[in-house]
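*Asks:* There's a structure below that I have some questions on.
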Amino acid sequence: MKVAIVHDFLFQFGGAEQVVATLHEMFPDAPIFTSIYFKDKLPTNFAEMDIRPSSLMQNIPFIRRTHKHLFFLYPLIFQRIDLAGFDLIISSSSSFAKNIKKPKNAKHVCYCHNPARFIYKNDDYLKKYKMPFFYKKLIKMLLPFLKSKDVNNDQVDRFIANSKRTAAEIKKRYHRDSEVIYPPIDTGIFKPSGKKEEYFVTLGRLIPYKRYDIVIEAFNRLGLPLKVIGAGPALKDLNEVKKANIQFLGYLPEKDVTAYLSGAKALIWPEESDFGMSPVEAAACGTPCVAFSRGGAAESIVEGVTGVFFDEQTPEALVEAINKFQSIKFDPNILRKHAIDKFDKSLFKKRFMEFLAKNNIDAVNRAGRVNL
């Protein structure tokens, strides 16, 4: 059985790309098809993979500057990918990778990170972005086309969701059932430091809808030390209002991120994520999390044991939660055990293979090399 992996795009590294890397570990002979691939934006291990970007997309002039504006091309690009000869297609998708045309008699399993926010939560997604009015208008005009392409999911045989929240969205948007398999966390690379310092940390892509603005305002009021890891379109505005107790560190190598997570008093997680790997990675470092109570964090954090929740995305609610956090003693060993027992990468691999077997895709065991 020949296996192909399909991913939306490879121009940044986040949770979805960690899933792709793990799927490659499981099926090292499987090529990875995608729309565009920027080698310098990915960890070095991606250079060893058989990655096949779309020649139509990859060769567009100035694609590095325009790829986000060409969203309307992605459904067409994936429908043109030739997967002849493959028996199993595994798509990793939060937009249009799942819209490939599978060969006759092939099976297609979609690991869905979320139904596309820019389609189904368009108003909420766009209102927090600074962009020309005419561009927002264009997106609105193209929504019916994009939605028609996205809901055409008859090419997917089975859906896997990265969280219960995403499973509910798949049911709502696509009217399909799915099985939840949490994303793979490489807990072995995250270690408790043995010594906690006085700073807090927040990290991720600094995008308006992720609500880092409430974190900056809360720490402006508290005066506690905060380190911000990451960059993005919201950086300029956040940097203009932050006070001296807040430090922006930009993007950092993984080992440095791990070191900051291990030494921090807590990770601050303000977004309503579909799953969110960072709170689990923090737990593997023995670091608790102060998190917004909706989204994936509600599934990965145990209140009072591995973290503290706040119920409204406001500076006031976050300040109250941090004050509550300060009164609780967290055990790093319990935090780490929680991460390993529920979210370790080995569990993802095991459950993924069990899912294939349960759905009569057991011939995958003849798919060249399969590493578990």
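Letters A, B, ... go to the chains of the structure tokens in the order shown; residues in each chain start at 1; ligands are counted from 1 in the same order.
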Name all residues at most 12 Å from Pro315 in chain A (count only C-alpha atoms; drop same-chain ones fewer than 4 positions away) and give them as number ranges by chain.

*Replies:* A: 211-222, 270, 292, 310-311, 319-322

*Asks:* Do you have, as JSON lines, the list of residues of range 184-297 of chain A lying at most 12 Å from range 19-25 of chain A, each with its nearest atom pair and that distance in Å to one decimal, counting only C-alpha atoms and ordered by chain then number?

*Replies:*
{"residue": "A:Pro184", "atom": "CA", "partner": "A:Val19", "partner_atom": "CA", "distance": 6.4}
{"residue": "A:Ile185", "atom": "CA", "partner": "A:Val19", "partner_atom": "CA", "distance": 9.0}
{"residue": "A:Asp186", "atom": "CA", "partner": "A:Thr22", "partner_atom": "CA", "distance": 9.3}
{"residue": "A:Met277", "atom": "CA", "partner": "A:Val19", "partner_atom": "CA", "distance": 10.8}

*Asks:* For the residues in that selection, give me N, CA and C atoms as a short mmCIF file (atom, residue, chain, number, x, y, z; two decimals), in the first residue's frame.

*Replies:*
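Wrote it out as result_11.cif, contents follow:
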data_model
loop_
_atom_site.label_atom_id
_atom_site.label_comp_id
_atom_site.auth_asym_id
_atom_site.auth_seq_id
_atom_site.Cartn_x
_atom_site.Cartn_y
_atom_site.Cartn_z
N PRO A 184 0.29 15.17 18.64
CA PRO A 184 1.47 14.56 19.28
C PRO A 184 2.36 15.59 19.96
N ILE A 185 2.65 15.36 21.23
CA ILE A 185 3.57 16.21 21.97
C ILE A 185 4.85 15.40 22.26
N ASP A 186 5.97 15.90 21.82
CA ASP A 186 7.24 15.21 22.06
C ASP A 186 7.71 15.57 23.47
N MET A 277 -1.03 23.31 21.59
CA MET A 277 -0.01 22.41 22.14
C MET A 277 0.78 23.05 23.28
#

*Asks:* Do you know which residues are at most 12 Å from Asn359 in chain A counting only C-alpha atoms, after dropping those on the same chain fewer than 6 positions away, and could you put them as a VMD selection string?

*Replies:* chain A and resid 107 to 109 157 to 160 178 to 179 352 to 353

*Asks:* Considering only strand (DSSP E or B) as DSSP defines it on the backbone, what residues of range 155-354 of chain A qualify? List them as a VMD selection string.

*Replies:* chain A and resid 158 to 161 178 to 180 185 200 to 203 226 to 230 246 to 250 267 to 269 289 to 292 303 307 to 310 344

*Asks:* Which neighbours of Ile32 in chain A fall inside 6 Å, counting only C-alpha atoms, when residues of the same chain fewer than 5 positions from it are skipped, and could you give them as an MDAnalysis selection string?

*Replies:* chainID A and resid 5:6 51:52

*Asks:* Export C-alpha atoms of the chosen residues as a PDB file, in the first residue's frame?

*Replies:*
ATOM      1  CA  ILE A   5       0.588  12.855   3.140  1.00  0.00           C
ATOM      2  CA  VAL A   6      -1.071  16.142   2.105  1.00  0.00           C
ATOM      3  CA  ILE A  51       8.187  17.365   0.036  1.00  0.00           C
ATOM      4  CA  ARG A  52       6.396  18.097  -3.235  1.00  0.00           C
TER       5      ARG A  52
END

*Asks:* Just want the 10 Å neighbourhood of Ala291 in chain A, counted on only C-alpha atoms, with same-chain residues fewer than 2 positions away dropped. Output as a list in words.

*Replies:*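 Skipping anything fewer than 2 positions along the chain leaves Ala266, Leu267, Ile268, Trp269, Pro270, Glu271, Glu272, Pro279, Pro288, Cys289, Ser293, Arg294, Gly295, Ala297, Ala298, Ile301, Glu303, Gly307, Val308, Phe309, Phe310, Asp311, Gln313, Leu318, Ala321 and Ile322 of chain A.
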
*Asks:* Quick one: write out the picked residues with C-alpha atoms as a short mmCIF file (atom, residue, chain, number, x, y, z; two decimals), in the first residue's frame?

*Replies:*
data_model
loop_
_atom_site.label_atom_id
_atom_site.label_comp_id
_atom_site.auth_asym_id
_atom_site.auth_seq_id
_atom_site.Cartn_x
_atom_site.Cartn_y
_atom_site.Cartn_z
CA ALA A 266 3.38 30.05 34.42
CA LEU A 267 2.43 30.16 30.78
CA ILE A 268 -0.29 32.68 29.92
CA TRP A 269 -2.66 31.33 27.23
CA PRO A 270 -5.30 33.91 26.20
CA GLU A 271 -6.69 32.41 23.01
CA GLU A 272 -9.67 30.22 22.23
CA PRO A 279 -0.10 24.43 27.50
CA PRO A 288 1.35 25.44 34.98
CA CYS A 289 -0.85 27.53 32.72
CA SER A 293 -11.45 28.48 29.69
CA ARG A 294 -12.88 27.88 26.24
CA GLY A 295 -11.37 25.93 23.36
CA ALA A 297 -7.28 24.38 26.81
CA ALA A 298 -10.45 23.17 28.54
CA ILE A 301 -5.72 21.62 31.59
CA GLU A 303 -8.20 23.37 37.07
CA GLY A 307 -3.43 25.41 35.71
CA VAL A 308 -6.04 28.09 36.36
CA PHE A 309 -8.81 29.31 34.05
CA PHE A 310 -10.35 32.71 33.36
CA ASP A 311 -13.80 32.90 31.76
CA GLN A 313 -11.16 37.52 27.42
CA LEU A 318 -6.90 37.64 33.52
CA ALA A 321 -6.89 34.57 37.49
CA ILE A 322 -3.20 35.44 37.94
#

*Asks:* Using CA of Leu235 in chain A and CA of Leu249 in chain A as the two end points, give the distance in Å to one decimal.

*Replies:*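 One can read the CA of Leu235 in chain A to CA of Leu249 in chain A distance as 10.9 Å.
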
*Asks:* Give the answer as one residue: which of A:Pro103, A:Lys137, A:Ser54, A:Glu197 has the shortest atom-to-atom distance to Val156 in chain A, using only C-alpha atoms?

*Replies:*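 That would be A:Pro103, the residue with the smallest distance to Val156 in chain A.
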
*Asks:* Which of range 167-357 of chain A counts as helix (DSSP H, G or I) under DSSP, as a PyMOL selection string please?

*Replies:* chain A and resi 167-174+187-189+208-210+212-222+235-241+254-263+278-284+297-300+315-325+332-343+345-357

*Asks:* Would you save the residues from that selection as a PDB file, in the first residue's frame, using C-alpha atoms?

*Replies:*
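Saved as result02.pdb:
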ATOM      1  CA  ALA A 167     -15.091  17.403  16.405  1.00  0.00           C
ATOM      2  CA  ALA A 168     -18.145  19.541  17.226  1.00  0.00           C
ATOM      3  CA  GLU A 169     -17.164  22.013  14.485  1.00  0.00           C
ATOM      4  CA  ILE A 170     -16.755  19.192  11.952  1.00  0.00           C
ATOM      5  CA  LYS A 171     -20.246  17.958  12.842  1.00  0.00           C
ATOM      6  CA  LYS A 172     -21.670  21.467  12.559  1.00  0.00           C
ATOM      7  CA  ARG A 173     -19.961  22.476   9.307  1.00  0.00           C
ATOM      8  CA  TYR A 174     -19.659  19.179   7.430  1.00  0.00           C
ATOM      9  CA  THR A 187       7.361  15.293  25.858  1.00  0.00           C
ATOM     10  CA  GLY A 188      10.910  13.948  25.846  1.00  0.00           C
ATOM     11  CA  ILE A 189      12.361  17.286  24.742  1.00  0.00           C
ATOM     12  CA  PRO A 208      -5.012  39.869  16.723  1.00  0.00           C
ATOM     13  CA  TYR A 209      -7.668  37.182  17.186  1.00  0.00           C
ATOM     14  CA  LYS A 210      -5.407  35.298  19.625  1.00  0.00           C
ATOM     15  CA  TYR A 212      -2.411  38.906  23.294  1.00  0.00           C
ATOM     16  CA  ASP A 213      -3.681  42.462  23.804  1.00  0.00           C
ATOM     17  CA  ILE A 214      -5.380  41.428  27.057  1.00  0.00           C
ATOM     18  CA  VAL A 215      -2.148  39.819  28.276  1.00  0.00           C
ATOM     19  CA  ILE A 216      -0.166  43.016  27.719  1.00  0.00           C
ATOM     20  CA  GLU A 217      -2.821  45.148  29.430  1.00  0.00           C
ATOM     21  CA  ALA A 218      -3.076  42.766  32.395  1.00  0.00           C
ATOM     22  CA  PHE A 219       0.686  42.760  32.972  1.00  0.00           C
ATOM     23  CA  ASN A 220       0.845  46.514  32.481  1.00  0.00           C
ATOM     24  CA  ARG A 221      -1.497  46.713  35.481  1.00  0.00           C
ATOM     25  CA  LEU A 222       0.181  43.999  37.561  1.00  0.00           C
ATOM     26  CA  LEU A 235       3.599  42.968  17.379  1.00  0.00           C
ATOM     27  CA  LYS A 236       3.852  46.680  16.505  1.00  0.00           C
ATOM     28  CA  ASP A 237       0.639  47.649  18.315  1.00  0.00           C
ATOM     29  CA  LEU A 238       1.473  45.529  21.362  1.00  0.00           C
ATOM     30  CA  ASN A 239       4.998  46.908  21.586  1.00  0.00           C
ATOM     31  CA  GLU A 240       3.698  50.470  21.550  1.00  0.00           C
ATOM     32  CA  VAL A 241       1.565  50.019  24.686  1.00  0.00           C
ATOM     33  CA  GLU A 254      13.082  25.417  20.151  1.00  0.00           C
ATOM     34  CA  LYS A 255      15.732  24.827  22.833  1.00  0.00           C
ATOM     35  CA  ASP A 256      15.434  28.446  23.983  1.00  0.00           C
ATOM     36  CA  VAL A 257      11.636  28.284  24.067  1.00  0.00           C
ATOM     37  CA  THR A 258      11.885  25.136  26.176  1.00  0.00           C
ATOM     38  CA  ALA A 259      14.317  26.836  28.553  1.00  0.00           C
ATOM     39  CA  TYR A 260      12.005  29.825  29.043  1.00  0.00           C
ATOM     40  CA  LEU A 261       8.997  27.540  29.549  1.00  0.00           C
ATOM     41  CA  SER A 262      10.877  25.481  32.139  1.00  0.00           C
ATOM     42  CA  GLY A 263      11.958  28.515  34.120  1.00  0.00           C
ATOM     43  CA  SER A 278       1.810  25.026  24.222  1.00  0.00           C
ATOM     44  CA  PRO A 279      -0.103  24.429  27.504  1.00  0.00           C
ATOM     45  CA  VAL A 280       0.772  20.727  27.287  1.00  0.00           C
ATOM     46  CA  GLU A 281       4.407  21.483  26.424  1.00  0.00           C
ATOM     47  CA  ALA A 282       4.497  23.805  29.449  1.00  0.00           C
ATOM     48  CA  ALA A 283       3.077  21.012  31.633  1.00  0.00           C
ATOM     49  CA  ALA A 284       5.803  18.672  30.365  1.00  0.00           C
ATOM     50  CA  ALA A 297      -7.282  24.385  26.814  1.00  0.00           C
ATOM     51  CA  ALA A 298     -10.445  23.170  28.543  1.00  0.00           C
ATOM     52  CA  GLU A 299      -9.495  19.649  27.413  1.00  0.00           C
ATOM     53  CA  SER A 300      -5.783  19.757  28.247  1.00  0.00           C
ATOM     54  CA  PRO A 315      -7.630  42.167  31.255  1.00  0.00           C
ATOM     55  CA  GLU A 316      -9.721  42.228  34.426  1.00  0.00           C
ATOM     56  CA  ALA A 317     -10.528  38.509  34.251  1.00  0.00           C
ATOM     57  CA  LEU A 318      -6.901  37.643  33.522  1.00  0.00           C
ATOM     58  CA  VAL A 319      -5.614  39.769  36.422  1.00  0.00           C
ATOM     59  CA  GLU A 320      -8.037  37.976  38.758  1.00  0.00           C
ATOM     60  CA  ALA A 321      -6.888  34.570  37.490  1.00  0.00           C
ATOM     61  CA  ILE A 322      -3.197  35.443  37.944  1.00  0.00           C
ATOM     62  CA  ASN A 323      -3.874  36.566  41.514  1.00  0.00           C
ATOM     63  CA  LYS A 324      -5.677  33.263  42.140  1.00  0.00           C
ATOM     64  CA  PHE A 325      -2.780  31.377  40.541  1.00  0.00           C
ATOM     65  CA  PRO A 332       5.979  19.938  38.632  1.00  0.00           C
ATOM     66  CA  ASN A 333       6.017  16.129  38.787  1.00  0.00           C
ATOM     67  CA  ILE A 334       2.221  15.930  38.568  1.00  0.00           C
ATOM     68  CA  LEU A 335       2.240  18.418  35.693  1.00  0.00           C
ATOM     69  CA  ARG A 336       4.780  16.388  33.740  1.00  0.00           C
ATOM     70  CA  LYS A 337       3.010  13.087  34.382  1.00  0.00           C
ATOM     71  CA  HIS A 338      -0.245  14.612  33.129  1.00  0.00           C
ATOM     72  CA  ALA A 339       1.424  15.644  29.855  1.00  0.00           C
ATOM     73  CA  ILE A 340       3.087  12.271  29.286  1.00  0.00           C
ATOM     74  CA  ASP A 341       0.130  10.075  30.234  1.00  0.00           C
ATOM     75  CA  LYS A 342      -2.435  11.898  28.078  1.00  0.00           C
ATOM     76  CA  PHE A 343      -0.615  13.629  25.219  1.00  0.00           C
ATOM     77  CA  LYS A 345       3.643  11.487  20.817  1.00  0.00           C
ATOM     78  CA  SER A 346       3.701   7.706  21.285  1.00  0.00           C
ATOM     79  CA  LEU A 347      -0.027   7.819  22.156  1.00  0.00           C
ATOM     80  CA  PHE A 348      -0.805   9.709  18.945  1.00  0.00           C
ATOM     81  CA  LYS A 349       0.978   7.079  16.863  1.00  0.00           C
ATOM     82  CA  LYS A 350      -0.705   4.201  18.685  1.00  0.00           C
ATOM     83  CA  ARG A 351      -4.199   5.686  18.427  1.00  0.00           C
ATOM     84  CA  PHE A 352      -3.741   6.688  14.805  1.00  0.00           C
ATOM     85  CA  MET A 353      -2.798   3.143  13.799  1.00  0.00           C
ATOM     86  CA  GLU A 354      -5.669   1.723  15.871  1.00  0.00           C
ATOM     87  CA  PHE A 355      -8.016   4.112  14.059  1.00  0.00           C
ATOM     88  CA  LEU A 356      -6.808   2.868  10.670  1.00  0.00           C
ATOM     89  CA  ALA A 357      -7.223  -0.767  11.669  1.00  0.00           C
TER      90      ALA A 357
END

*Asks:* Grab the CA of Ile81 in chain A to CA of Lys41 in chain A distance for me, in Å with one decimal place.

*Replies:* 23.0 Å

*Asks:* Pick from A:Phe200, A:Gly85, A:Ser92, A:Phe72: nearest to Met141 in chain A, with only C-alpha atoms counted?

*Replies:*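 Checking each candidate against Met141 in chain A, we get A:Phe72 as the closest.
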
*Asks:* Determine the nearest neighbour of Val180 in chain A from the options A:Pro31, A:Pro192, A:Pro61, A:Gly296, counting only C-alpha atoms.

*Replies:*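 Ranked by minimum distance to Val180 in chain A, first place goes to A:Gly296.
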
*Asks:* Which one is closest to Phe86 in chain A: A:Met57, A:Ala4, A:Ala161, A:Leu73? Count only C-alpha atoms.

*Replies:* A:Ala4

*Asks:* Go through A:Gly230, A:Tyr199, A:Pro144, A:Phe248 and flag the residue nearest Phe13 in chain A, using only C-alpha atoms for the distances.

*Replies:*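 Between A:Gly230, A:Tyr199, A:Pro144, A:Phe248, the residue approaching Phe13 in chain A most closely is A:Gly230.
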
*Asks:* I'd like the contact shell of Ala97 in chain A - 10 Å cut-off, only C-alpha atoms, skipping same-chain residues fewer than 3 positions apart - returned as a short mmCIF file (atom, residue, chain, number, x, y, z; two decimals) with N, CA and C atoms, in the first residue's frame.

*Replies:*
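Below is the file that was written, around-v3.cif:
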data_model
loop_
_atom_site.label_atom_id
_atom_site.label_comp_id
_atom_site.auth_asym_id
_atom_site.auth_seq_id
_atom_site.Cartn_x
_atom_site.Cartn_y
_atom_site.Cartn_z
N ILE A 5 0.99 11.87 2.13
CA ILE A 5 0.59 12.86 3.14
C ILE A 5 0.36 14.18 2.41
N VAL A 6 -0.75 14.86 2.73
CA VAL A 6 -1.07 16.14 2.10
C VAL A 6 -1.29 17.17 3.21
N HIS A 7 -0.64 18.33 3.08
CA HIS A 7 -0.75 19.38 4.09
C HIS A 7 -1.04 20.71 3.39
N ASP A 8 -1.77 21.60 4.07
CA ASP A 8 -2.21 22.85 3.44
C ASP A 8 -1.06 23.66 2.86
N PHE A 9 -0.06 23.97 3.68
CA PHE A 9 1.09 24.75 3.23
C PHE A 9 2.20 24.61 4.27
N PHE A 33 2.72 16.13 -0.03
CA PHE A 33 2.24 17.08 -1.04
C PHE A 33 1.69 18.32 -0.34
N THR A 34 1.99 19.49 -0.90
CA THR A 34 1.51 20.74 -0.30
C THR A 34 1.42 21.81 -1.39
N SER A 35 0.88 22.96 -1.00
CA SER A 35 0.74 24.06 -1.97
C SER A 35 2.06 24.80 -2.15
N TYR A 74 -6.15 28.21 -3.48
CA TYR A 74 -5.80 26.96 -2.81
C TYR A 74 -6.74 25.80 -3.14
N PRO A 75 -8.07 25.99 -3.16
CA PRO A 75 -8.92 24.84 -3.50
C PRO A 75 -8.63 24.29 -4.88
N ILE A 77 -5.71 24.51 -6.48
CA ILE A 77 -4.38 23.91 -6.46
C ILE A 77 -4.44 22.46 -5.98
N PHE A 78 -5.17 22.22 -4.88
CA PHE A 78 -5.21 20.87 -4.31
C PHE A 78 -5.99 19.90 -5.21
N GLN A 79 -6.97 20.40 -5.92
CA GLN A 79 -7.71 19.52 -6.82
C GLN A 79 -6.87 19.09 -8.03
N ILE A 81 -3.60 18.25 -7.74
CA ILE A 81 -2.50 17.38 -7.32
C ILE A 81 -2.79 15.95 -7.79
N ILE A 90 -3.43 10.68 3.60
CA ILE A 90 -3.64 11.27 4.92
C ILE A 90 -3.47 12.77 4.76
N SER A 91 -4.56 13.51 4.90
CA SER A 91 -4.46 14.97 4.81
C SER A 91 -4.42 15.58 6.20
N SER A 92 -3.59 16.58 6.34
CA SER A 92 -3.49 17.37 7.57
C SER A 92 -3.98 18.76 7.19
N SER A 93 -5.19 19.13 7.69
CA SER A 93 -5.85 20.27 7.06
C SER A 93 -6.61 21.16 8.03
N SER A 94 -6.46 22.47 7.80
CA SER A 94 -7.35 23.46 8.41
C SER A 94 -7.95 24.33 7.32
N ILE A 100 -8.36 17.24 -1.99
CA ILE A 100 -7.69 16.52 -3.07
C ILE A 100 -8.68 15.55 -3.74
N CYS A 110 -8.71 12.34 6.87
CA CYS A 110 -8.36 13.74 7.12
C CYS A 110 -8.16 13.97 8.60
N CYS A 112 -8.13 16.74 10.89
CA CYS A 112 -8.63 18.12 10.78
C CYS A 112 -8.24 18.93 12.01
N ASP A 150 -15.14 23.96 0.26
CA ASP A 150 -14.79 23.36 1.53
C ASP A 150 -15.79 22.29 1.96
#

*Asks:* With distances taken over only C-alpha atoms, which of A:Tyr37, A:Arg205, A:Ile328, A:Lys265 is nearest to Gly14 in chain A?

*Replies:*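 Among the listed residues, A:Arg205 lies closest to Gly14 in chain A.
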